[in-house]
Structure formats: C-alpha cells, structure tokens
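A.B. asks: Before anything else, here's the structure in question.
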Amino acid sequence: MKRDILSLNCGEIERELLSLGYPKYRGRQIYDWLMHGVRDFDEMTNLPKDLRSTLKNEFRLYAPKVLSKQVSQLDGTIKYLWELYDGNAVETVVMSYKHGNTVCVSCQVGCRQGCAFCASTIGGLVRSLEPSEILDEVFFSQQDSGKPISNIVLMGIGEPLDNFDNVMRFLELVNDPAGMNIGMRHISLSTCGITERFEDLAAKDLQLTLSVSLHAPDDETRSRLMPANRGRGVEELMRCCKKYYEQTGRRISFEYAMIDGVNDTQFHAKLLAERAKYVGAHVNLIPLNYVEERPFKPSTSGHMKAFIKVLESEGVNVTVRRRLGSDVDASCGQLRRKIQKQNA
Ligand code: SAH
C-alpha cells in the first residue's frame, strides 16, 4: 500500500522530497497545502505537474466522507460518522460551549479494553487510526460544521494510550502553528489507565490534560467494570497518577460515570475522595449513558447529590458534566454501533 503523507511532519516530507530528487522547499509547500486541508495533489497548484504525478504514485491522500451527520435539536451538538479509506467508520462529536467549540475524536476503530458499560468495545478492536485520520476528524468537522474548533478531547472511540505513537504524532500536527494551531492546554487525553505508558507521556512534557477514567475507587468494582484494572489495580494506578502529576505539574482529572447501585454508594464516595486527595485530582462526574446492550442504568439524582456531598465535604474539587446531544446517540460509540447493527 502507498504511504500516508498526511501522517508525516514537515521535516519528514522535506526528506522524502530530497530523496525523490526534488528541492527541499517543495516539501514545505506540500506540507502547507496539507495543513490547509487540501487532500488532492492536483490542487497543489504551485507544484510542477511531474511532481504531482510522482506524489500520486508514492503516497495516498484521502479525505474522509460523511456517512452520517446528526444535529441535536436540544443543544446543537453535531455527531459525524466518517467513512475512512478502507470502509471502516468512526465517530466525531462537535459540542458548543460558552468558551468555544470542542471536538471529541476517536483514535481507533473499535477498542480492545472491554469496559462493561461502553458501546465502543462491543465488537473489539478493528484497527488503530493513523495520525492523519485523527487529524482529519478535527479538520473536516470544523470545515463541515463551520464551527471553529478551539478544544479537543480524545474521548471518542478507542484507547489513546493503546495507539500511543500515532496519537503523539496527531498532537504534534494539530498543535503546529502552520496548521490548526490548537494549543496543548486546550487538549484532553482520556485513558482507562494504561499505566505502563504514563511515564512515556510525562516524558513528552506536553501541556495537555490527562483524564483518567476511574469509574470506581476499589479493585472489586473497578475490575468488574474495567478489564484494564485487572493485573494493574487501583493502587498502582493512583501511584502512577501521582507520579505523573509530580513530573508534569499538570493536575489529573478523574472521570467517573455514575452507575445505579454499582459505584454510587457512600463507600465508593468516601474512597473516591481519599484517592482524589492523594493524587490531587479533580473529579468529573458523568451520569452514565444508557447503552442498550449493557445491563447498567444511570444513578438517580438523589444518589448523585448524596455522592457529591461526600466529595465536597472532603474538600474534593468536583464537577458534573452536562449531557449534550443525548438525542443524537452522541456518546460512547453508540452511533457506529447502531449502524453496525443495521448492517448486520
Ligand atoms: N479509552 C479512553 C477514552 C475513550 S472513552 C478511556 O477509557 O478513557 C471516553 C469516556 O467515556 C471514558 O471516560 C469512558 O469510560 C466513558 N464512557 C464509556 N461508555 C460510557 C457510558 N455508557 N456512559 C458514560 N461514560 C461512558
């Protein structure tokens, strides 16, 4: 298969051009076209024709197609299902907040982490996305919606730390002032807790926010909900989180989906408060999104209130995430799953 030019950085494209016998500055020109959303070599009008045909022979360049687009009547959230070059599909969500527009991107087709409440993992992992494919989720969501994107969350389908190198290259590209120029402080990366990668991430010294999907503060509940906890354990996860915070100075955020009768008791609240204080983490509570195939229900508002009260009385910084796009299957791999079921 031809190589993927959009996953290369400027220096790499320049080196490719030199080895193809062209001057280095041609690489910069190509990179600039790519960063401005051009996905057809023939539209790179300042390149000589022979170079354009060489590029077509050497590299593939593909713009994702909109398979489905749903706009929420409730809050304007837009949910895209993109068709990739090989026919696979991933979801991207654009959410509008007072402070700007946030895009939630997928980093894999499917997921192998197996979380018991999540729709994305039902069919397992198909493949990881290339850096170019993640970049194009942001680029084409912005272009199609006409909403300038200022924030990115890696909270769509897939586990970012299970596609580490490609996600790091995506971050480099999307952060480049020559391109979308989205600041690292406006990017969150969410993980189910692949602790072996925390040091690698800290070593990159990025200014992004690391979100850890905790969902339970004790091993019994967490291992039941999240296979990634088995063999790692909550205490090891907490040690790695604390170390990450010490190394980077960036406060971690714990994601916690409230599940009725499963992780929303006073016992869980007290232990969660202890964990959050140990790590210096902020807690982000999310009412569970109901997934048809899964046996779980969101917590009642009474249980949520009591839970929040414990955290607040312990001095933990806690927020409740607003639900957006609930009328457009805008969460957690539900749109891709729905299309899969229709096709089955
Ligand atoms: N693999 C990464 C990122 C993708 S999931 C991770 O695990 O963090 C993004 C967030 O949505 C995670 O916090 C995940 O646990 C959560 N999530 C998955 N299914 C959910 C559901 N049905 N309701 C609420 N949150 C869910």
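Going by the structure tokens order, chains are called A, B, ..., each with residues numbered from 1, while ligands are numbered from 1 in the order shown.
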Find the residues around A:Glu236 up to 12 Å (only C-alpha atoms counted), leave out those fewer than 3 positions away in its own chain, and share them as a ChimeraX atom specification.
C.D. replies: /A:193-196,198,217-219,229-233,239-243,275,279
A.B. asks: Output C-alpha atoms of each residue in that selection to a file, as a PDB file, in the first residue's frame.
C.D. replies:
```pdb
ATOM      1  CA  GLY A 193      -5.440   3.586  32.853  1.00  0.00           C
ATOM      2  CA  ILE A 194      -2.712   2.031  30.695  1.00  0.00           C
ATOM      3  CA  THR A 195      -0.173   2.815  33.420  1.00  0.00           C
ATOM      4  CA  GLU A 196       2.862   1.473  31.517  1.00  0.00           C
ATOM      5  CA  PHE A 198       2.216   7.230  31.843  1.00  0.00           C
ATOM      6  CA  PRO A 217     -12.096   3.592  43.573  1.00  0.00           C
ATOM      7  CA  ASP A 218     -11.795  -0.065  44.681  1.00  0.00           C
ATOM      8  CA  ASP A 219     -10.439  -3.100  42.848  1.00  0.00           C
ATOM      9  CA  ASN A 229      -7.824  -2.771  36.021  1.00  0.00           C
ATOM     10  CA  ARG A 230      -7.113  -6.475  36.331  1.00  0.00           C
ATOM     11  CA  GLY A 231      -3.413  -7.040  36.857  1.00  0.00           C
ATOM     12  CA  ARG A 232      -2.794  -3.339  37.392  1.00  0.00           C
ATOM     13  CA  GLY A 233      -5.042  -2.404  40.301  1.00  0.00           C
ATOM     14  CA  ARG A 239       0.764   5.823  42.305  1.00  0.00           C
ATOM     15  CA  CYS A 240       1.243   6.372  38.568  1.00  0.00           C
ATOM     16  CA  CYS A 241      -1.208   9.288  38.582  1.00  0.00           C
ATOM     17  CA  LYS A 242       0.545  10.956  41.498  1.00  0.00           C
ATOM     18  CA  LYS A 243       3.906  10.500  39.823  1.00  0.00           C
ATOM     19  CA  ARG A 275      -7.999   8.694  46.101  1.00  0.00           C
ATOM     20  CA  VAL A 279      -3.436  12.353  43.648  1.00  0.00           C
TER      21      VAL A 279
END
```
A.B. asks: Extract the full set of strand (DSSP E or B) residues from stretch 220-317 of chain A according to DSSP on the backbone, and format it as a list in words.
C.D. replies: Ser253, Phe254, Glu255, Tyr256, Ala257, Met258, Ile259, His282, Val283, Asn284, Leu285, Ile286, Pro287 and Pro298 of chain A
A.B. asks: Kindly work out which residues sit at most 8 Å from ligand 1, using only C-alpha atoms and all ligand atoms, and give the list as an MDAnalysis selection string.
C.D. replies: chainID A and resid 106 111 113 115 117:120 154:160 189:193 211:215 255:258 286:291 331:333
A.B. asks: Write to file, as a compact mmCIF listing (two decimals), in the first residue's frame, the residues of the selection just made, with N, CA, C and O atoms.
C.D. replies:
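Written output follows (selection.txt):
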```txt
# COMPACT_ATOMS: atom_id res chain seq x y z
N SER A 106 -12.22 10.15 17.89
CA SER A 106 -11.90 8.74 18.07
C SER A 106 -10.44 8.51 17.67
O SER A 106 -9.92 9.23 16.82
N CYS A 111 -12.37 -0.95 20.01
CA CYS A 111 -11.50 -0.83 21.19
C CYS A 111 -11.33 -2.20 21.80
O CYS A 111 -12.25 -3.02 21.76
N GLN A 113 -10.38 -2.67 25.07
CA GLN A 113 -10.29 -2.56 26.53
C GLN A 113 -11.46 -3.22 27.26
O GLN A 113 -11.35 -3.53 28.44
N CYS A 115 -14.46 -2.34 28.50
CA CYS A 115 -15.22 -1.78 29.63
C CYS A 115 -16.68 -2.22 29.54
O CYS A 115 -17.30 -2.17 28.48
N PHE A 117 -19.51 -1.09 30.46
CA PHE A 117 -20.63 -0.15 30.24
C PHE A 117 -20.54 0.54 28.89
O PHE A 117 -21.38 1.37 28.55
N CYS A 118 -19.51 0.25 28.11
CA CYS A 118 -19.18 1.06 26.93
C CYS A 118 -19.59 0.36 25.64
O CYS A 118 -19.39 -0.84 25.47
N ALA A 119 -20.15 1.14 24.71
CA ALA A 119 -20.61 0.58 23.43
C ALA A 119 -19.46 0.40 22.44
O ALA A 119 -19.53 -0.44 21.55
N SER A 120 -18.38 1.18 22.59
CA SER A 120 -17.31 1.17 21.58
C SER A 120 -16.57 -0.15 21.50
O SER A 120 -15.95 -0.48 20.51
N LEU A 154 -9.74 13.70 23.47
CA LEU A 154 -9.55 12.36 22.93
C LEU A 154 -10.40 11.42 23.78
O LEU A 154 -9.90 10.71 24.64
N MET A 155 -11.71 11.51 23.56
CA MET A 155 -12.67 10.76 24.37
C MET A 155 -13.69 10.05 23.49
O MET A 155 -14.78 9.70 23.94
N GLY A 156 -13.35 9.86 22.22
CA GLY A 156 -14.25 9.13 21.34
C GLY A 156 -13.95 7.64 21.43
O GLY A 156 -13.57 7.13 22.47
N ILE A 157 -14.11 6.96 20.30
CA ILE A 157 -13.87 5.51 20.28
C ILE A 157 -12.37 5.23 20.39
O ILE A 157 -11.56 5.87 19.72
N GLY A 158 -12.02 4.25 21.21
CA GLY A 158 -10.63 3.79 21.27
C GLY A 158 -9.88 4.25 22.50
O GLY A 158 -10.33 5.11 23.24
N GLU A 159 -8.72 3.65 22.70
CA GLU A 159 -7.88 3.96 23.86
C GLU A 159 -6.59 4.65 23.35
O GLU A 159 -5.74 4.00 22.73
N PRO A 160 -6.45 5.95 23.63
CA PRO A 160 -5.30 6.69 23.10
C PRO A 160 -3.94 6.10 23.47
O PRO A 160 -3.03 6.10 22.65
N LEU A 189 -6.59 14.26 27.01
CA LEU A 189 -6.43 12.87 26.58
C LEU A 189 -7.00 11.99 27.68
O LEU A 189 -6.62 12.12 28.85
N SER A 190 -7.90 11.09 27.31
CA SER A 190 -8.58 10.26 28.30
C SER A 190 -8.11 8.81 28.18
O SER A 190 -8.05 8.26 27.08
N THR A 191 -7.79 8.21 29.31
CA THR A 191 -7.33 6.81 29.28
C THR A 191 -8.04 5.98 30.33
O THR A 191 -8.42 6.49 31.39
N CYS A 192 -8.19 4.68 30.03
CA CYS A 192 -8.76 3.77 31.01
C CYS A 192 -7.70 3.35 32.03
O CYS A 192 -8.00 2.59 32.94
N GLY A 193 -6.47 3.86 31.85
CA GLY A 193 -5.44 3.59 32.85
C GLY A 193 -4.36 2.62 32.40
O GLY A 193 -4.04 1.67 33.11
N SER A 211 -6.92 12.85 31.50
CA SER A 211 -8.12 12.39 32.20
C SER A 211 -8.00 10.89 32.40
O SER A 211 -7.69 10.17 31.46
N VAL A 212 -8.26 10.45 33.60
CA VAL A 212 -8.23 9.02 33.87
C VAL A 212 -9.66 8.56 34.13
O VAL A 212 -10.34 9.09 35.00
N SER A 213 -10.10 7.60 33.34
CA SER A 213 -11.44 7.03 33.53
C SER A 213 -11.38 6.10 34.71
O SER A 213 -10.95 4.94 34.58
N LEU A 214 -11.77 6.59 35.86
CA LEU A 214 -11.62 5.80 37.08
C LEU A 214 -12.86 4.92 37.30
O LEU A 214 -12.76 3.71 37.37
N HIS A 215 -13.99 5.55 37.41
CA HIS A 215 -15.29 4.88 37.49
C HIS A 215 -15.51 4.01 38.73
O HIS A 215 -16.63 3.57 38.99
N GLU A 255 -12.42 10.77 35.59
CA GLU A 255 -13.76 10.64 35.02
C GLU A 255 -14.49 9.55 35.82
O GLU A 255 -13.92 8.49 36.11
N TYR A 256 -15.73 9.84 36.15
CA TYR A 256 -16.47 8.88 36.98
C TYR A 256 -17.91 8.84 36.51
O TYR A 256 -18.69 9.75 36.75
N ALA A 257 -18.25 7.76 35.78
CA ALA A 257 -19.64 7.60 35.29
C ALA A 257 -20.47 6.97 36.40
O ALA A 257 -20.15 5.88 36.89
N MET A 258 -21.51 7.66 36.80
CA MET A 258 -22.32 7.19 37.94
C MET A 258 -23.29 6.10 37.48
O MET A 258 -24.17 6.33 36.64
N ILE A 286 -20.06 11.96 35.57
CA ILE A 286 -20.86 11.90 34.35
C ILE A 286 -22.04 10.98 34.65
O ILE A 286 -21.81 9.86 35.10
N PRO A 287 -23.26 11.40 34.40
CA PRO A 287 -24.34 10.41 34.52
C PRO A 287 -24.13 9.37 33.43
O PRO A 287 -23.87 9.72 32.28
N LEU A 288 -24.17 8.09 33.77
CA LEU A 288 -23.94 7.04 32.76
C LEU A 288 -24.88 7.22 31.58
O LEU A 288 -26.05 7.54 31.76
N ASN A 289 -24.37 7.03 30.39
CA ASN A 289 -25.23 6.99 29.22
C ASN A 289 -25.72 5.57 29.03
O ASN A 289 -24.92 4.64 28.98
N TYR A 290 -27.01 5.45 28.93
CA TYR A 290 -27.60 4.11 28.79
C TYR A 290 -27.20 3.51 27.44
O TYR A 290 -27.31 4.15 26.39
N VAL A 291 -26.70 2.28 27.46
CA VAL A 291 -26.35 1.55 26.24
C VAL A 291 -27.22 0.29 26.22
O VAL A 291 -27.22 -0.48 27.18
N SER A 331 -22.91 9.69 22.25
CA SER A 331 -21.90 9.31 23.22
C SER A 331 -21.43 7.89 23.04
O SER A 331 -22.20 6.99 22.70
N CYS A 332 -20.15 7.74 23.26
CA CYS A 332 -19.58 6.45 23.58
C CYS A 332 -19.81 5.39 22.51
O CYS A 332 -20.22 4.27 22.82
N GLY A 333 -19.53 5.72 21.29
CA GLY A 333 -19.56 4.69 20.25
C GLY A 333 -20.95 4.21 19.87
O GLY A 333 -21.11 3.19 19.22
```
A.B. asks: Would you please work out which residue, of A:Leu271, A:Leu6, A:Phe254, A:Gly11, is nearest to A:Asp40 when using only C-alpha atoms?
C.D. replies: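 That would be A:Leu6, the residue with the smallest distance to A:Asp40.
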A.B. asks: Using only C-alpha atoms, which of the listed residues (A:Leu74, A:Met180, A:Leu324, A:Val310) sits closest to A:Val93?
C.D. replies: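 Nearest candidate to A:Val93 out of A:Leu74, A:Met180, A:Leu324, A:Val310: A:Leu324.
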A.B. asks: Quick one: of A:Arg224, A:Arg322, A:His282, A:His36, who's nearest to A:Met95, counting only C-alpha atoms?
C.D. replies: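 Nearest candidate to A:Met95 out of A:Arg224, A:Arg322, A:His282, A:His36: A:Arg322.
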A.B. asks: Identify, on the basis of only C-alpha atoms, every residue whose closest approach to A:Gln70 does not exceed 10 Å; exclude the query and any residue fewer than 2 positions from it along the same chain; express the result as a list in words.
C.D. replies: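 Contacts, with the query itself left out: Ser68, Ser72, Gln73, Gly76, Thr77, Ile78, Lys79, Tyr80, Leu81, Val93, Gly325, Asp327, Val328, Asp329, Ala330 and Leu335 of chain A.
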A.B. asks: Filtering to C-alpha atoms, could you give me those residues as a PDB file, in the first residue's frame?
C.D. replies:
```pdb
ATOM      1  CA  SER A  68     -23.992  10.276   8.672  1.00  0.00           C
ATOM      2  CA  SER A  72     -29.126  17.722  18.163  1.00  0.00           C
ATOM      3  CA  GLN A  73     -32.399  19.633  18.402  1.00  0.00           C
ATOM      4  CA  GLY A  76     -26.837  21.869  18.561  1.00  0.00           C
ATOM      5  CA  THR A  77     -24.310  19.108  19.229  1.00  0.00           C
ATOM      6  CA  ILE A  78     -23.243  17.578  15.915  1.00  0.00           C
ATOM      7  CA  LYS A  79     -22.360  13.959  15.543  1.00  0.00           C
ATOM      8  CA  TYR A  80     -20.456  12.752  12.497  1.00  0.00           C
ATOM      9  CA  LEU A  81     -19.852   9.249  11.333  1.00  0.00           C
ATOM     10  CA  VAL A  93     -18.738  14.893  18.037  1.00  0.00           C
ATOM     11  CA  GLY A 325     -26.513  15.527  22.228  1.00  0.00           C
ATOM     12  CA  ASP A 327     -30.984  12.801  21.155  1.00  0.00           C
ATOM     13  CA  VAL A 328     -28.325  12.003  18.524  1.00  0.00           C
ATOM     14  CA  ASP A 329     -26.610   8.953  20.053  1.00  0.00           C
ATOM     15  CA  ALA A 330     -23.763  11.364  20.720  1.00  0.00           C
ATOM     16  CA  LEU A 335     -23.721   5.739  16.500  1.00  0.00           C
TER      17      LEU A 335
END
```
A.B. asks: Counting only C-alpha atoms, what is within 8 Å of A:Leu129, bar same-chain residues fewer than 3 positions away, as a PyMOL selection string?
C.D. replies: chain A and resi 107-109+132-134+163+166
A.B. asks: Give me the residues near stretch 262-266 of chain A as an mmCIF file with C-alpha atoms, in the first residue's frame, where near means some atom within 8 Å (using only C-alpha atoms) and where sequence neighbours in that chain fewer than 5 positions away do not count.
C.D. replies:
```cif
data_model
loop_
_atom_site.group_PDB
_atom_site.id
_atom_site.type_symbol
_atom_site.label_atom_id
_atom_site.label_comp_id
_atom_site.auth_asym_id
_atom_site.auth_seq_id
_atom_site.Cartn_x
_atom_site.Cartn_y
_atom_site.Cartn_z
ATOM 1 C CA HIS A 215 -15.295 4.878 37.492
ATOM 2 C CA ALA A 216 -14.583 3.013 40.746
ATOM 3 C CA THR A 221 -15.834 -2.779 41.486
ATOM 4 C CA SER A 299 -27.629 6.754 39.075
ATOM 5 C CA HIS A 303 -27.766 9.233 44.803
ATOM 6 C CA MET A 304 -25.757 11.685 42.760
ATOM 7 C CA ALA A 306 -25.506 12.403 48.193
ATOM 8 C CA PHE A 307 -22.333 11.317 46.392
ATOM 9 C CA VAL A 310 -19.420 13.441 50.411
#
```
A.B. asks: Write out as a PDB file with N, CA, C and O atoms, in the first residue's frame the residues lying within 8 Å of A:Gly110, counting only C-alpha atoms and excluding same-chain residues fewer than 4 positions away.
C.D. replies:
```
ATOM      1  N   SER A 120     -18.380   1.180  22.591  1.00  0.00           N
ATOM      2  CA  SER A 120     -17.312   1.168  21.579  1.00  0.00           C
ATOM      3  C   SER A 120     -16.572  -0.151  21.504  1.00  0.00           C
ATOM      4  O   SER A 120     -15.951  -0.476  20.508  1.00  0.00           O
ATOM      5  N   THR A 121     -16.600  -0.889  22.581  1.00  0.00           N
ATOM      6  CA  THR A 121     -15.734  -2.054  22.699  1.00  0.00           C
ATOM      7  C   THR A 121     -16.460  -3.352  22.339  1.00  0.00           C
ATOM      8  O   THR A 121     -15.854  -4.415  22.289  1.00  0.00           O
ATOM      9  N   ILE A 122     -17.753  -3.236  22.034  1.00  0.00           N
ATOM     10  CA  ILE A 122     -18.561  -4.443  21.844  1.00  0.00           C
ATOM     11  C   ILE A 122     -18.015  -5.349  20.734  1.00  0.00           C
ATOM     12  O   ILE A 122     -17.931  -6.554  20.892  1.00  0.00           O
ATOM     13  N   GLY A 123     -17.592  -4.757  19.614  1.00  0.00           N
ATOM     14  CA  GLY A 123     -17.046  -5.601  18.543  1.00  0.00           C
ATOM     15  C   GLY A 123     -15.531  -5.767  18.622  1.00  0.00           C
ATOM     16  O   GLY A 123     -14.910  -6.263  17.682  1.00  0.00           O
ATOM     17  N   GLY A 124     -14.901  -5.356  19.723  1.00  0.00           N
ATOM     18  CA  GLY A 124     -13.446  -5.457  19.850  1.00  0.00           C
ATOM     19  C   GLY A 124     -12.728  -4.402  19.020  1.00  0.00           C
ATOM     20  O   GLY A 124     -13.351  -3.491  18.467  1.00  0.00           O
ATOM     21  N   LEU A 125     -11.403  -4.545  18.928  1.00  0.00           N
ATOM     22  CA  LEU A 125     -10.604  -3.594  18.164  1.00  0.00           C
ATOM     23  C   LEU A 125     -10.492  -4.060  16.717  1.00  0.00           C
ATOM     24  O   LEU A 125     -10.150  -5.211  16.465  1.00  0.00           O
ATOM     25  N   VAL A 126     -10.790  -3.175  15.778  1.00  0.00           N
ATOM     26  CA  VAL A 126     -10.591  -3.494  14.361  1.00  0.00           C
ATOM     27  C   VAL A 126      -9.187  -3.032  13.945  1.00  0.00           C
ATOM     28  O   VAL A 126      -8.379  -3.811  13.452  1.00  0.00           O
ATOM     29  N   ARG A 127      -8.902  -1.752  14.158  1.00  0.00           N
ATOM     30  CA  ARG A 127      -7.545  -1.260  13.926  1.00  0.00           C
ATOM     31  C   ARG A 127      -7.380   0.110  14.578  1.00  0.00           C
ATOM     32  O   ARG A 127      -8.361   0.762  14.926  1.00  0.00           O
ATOM     33  N   ILE A 157     -14.107   6.960  20.299  1.00  0.00           N
ATOM     34  CA  ILE A 157     -13.867   5.513  20.281  1.00  0.00           C
ATOM     35  C   ILE A 157     -12.368   5.232  20.386  1.00  0.00           C
ATOM     36  O   ILE A 157     -11.556   5.874  19.716  1.00  0.00           O
ATOM     37  N   GLY A 158     -12.019   4.249  21.214  1.00  0.00           N
ATOM     38  CA  GLY A 158     -10.632   3.789  21.270  1.00  0.00           C
ATOM     39  C   GLY A 158      -9.883   4.255  22.500  1.00  0.00           C
ATOM     40  O   GLY A 158     -10.334   5.114  23.239  1.00  0.00           O
TER      41      GLY A 158
END
```
A.B. asks: When you draw a straight line from atom CA of A:Leu161 to atom CA of A:Leu135, how long is it in Å?
C.D. replies: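 Those two atoms sit 16.6 Å apart.
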A.B. asks: Give me, as a tab-separated table, each residue of stretch 167-198 of chain A that comes within 12 Å of stretch 27-32 of chain A, together with its shortest interatomic pair and the distance in Å at one decimal, counting only C-alpha atoms, with rows ordered by chain and rising residue number.
C.D. replies:
```
residue	atom	partner	partner_atom	distance
A:Leu173	CA	A:Tyr31	CA	10.4
A:Asp176	CA	A:Asp32	CA	10.8
A:Pro177	CA	A:Asp32	CA	10.8
A:Ala178	CA	A:Asp32	CA	7.0
A:Gly179	CA	A:Asp32	CA	7.5
A:Met180	CA	A:Asp32	CA	11.1
```
A.B. asks: Could you check which of A:Ile149, A:Phe296, A:Gln247, A:Lys270 is closest to A:Ser313, using only C-alpha atoms?
C.D. replies: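 Once distances to A:Ser313 are computed over only C-alpha atoms, the minimum belongs to A:Lys270.
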A.B. asks: Identify which of the residues A:Leu171, A:Cys104, A:Ala63, A:Ile252 lies closest to A:Phe140, counting only C-alpha atoms when measuring atom-to-atom distances.
C.D. replies: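 Result for the nearest residue to A:Phe140: A:Ala63.
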A.B. asks: Please, what distance in Å, to one decimal, runs between atom CA of A:Ser96 and atom CA of A:Ser326?
C.D. replies: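 Calculated distance between atom CA of A:Ser96 and atom CA of A:Ser326 is 13.9 Å.
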A.B. asks: Which residue gives the smallest distance to A:Asn46 among A:Arg60, A:Arg26, A:Lys65, A:Lys2, with only C-alpha atoms counted?
C.D. replies: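 Smallest distance to A:Asn46 is found for A:Arg26.
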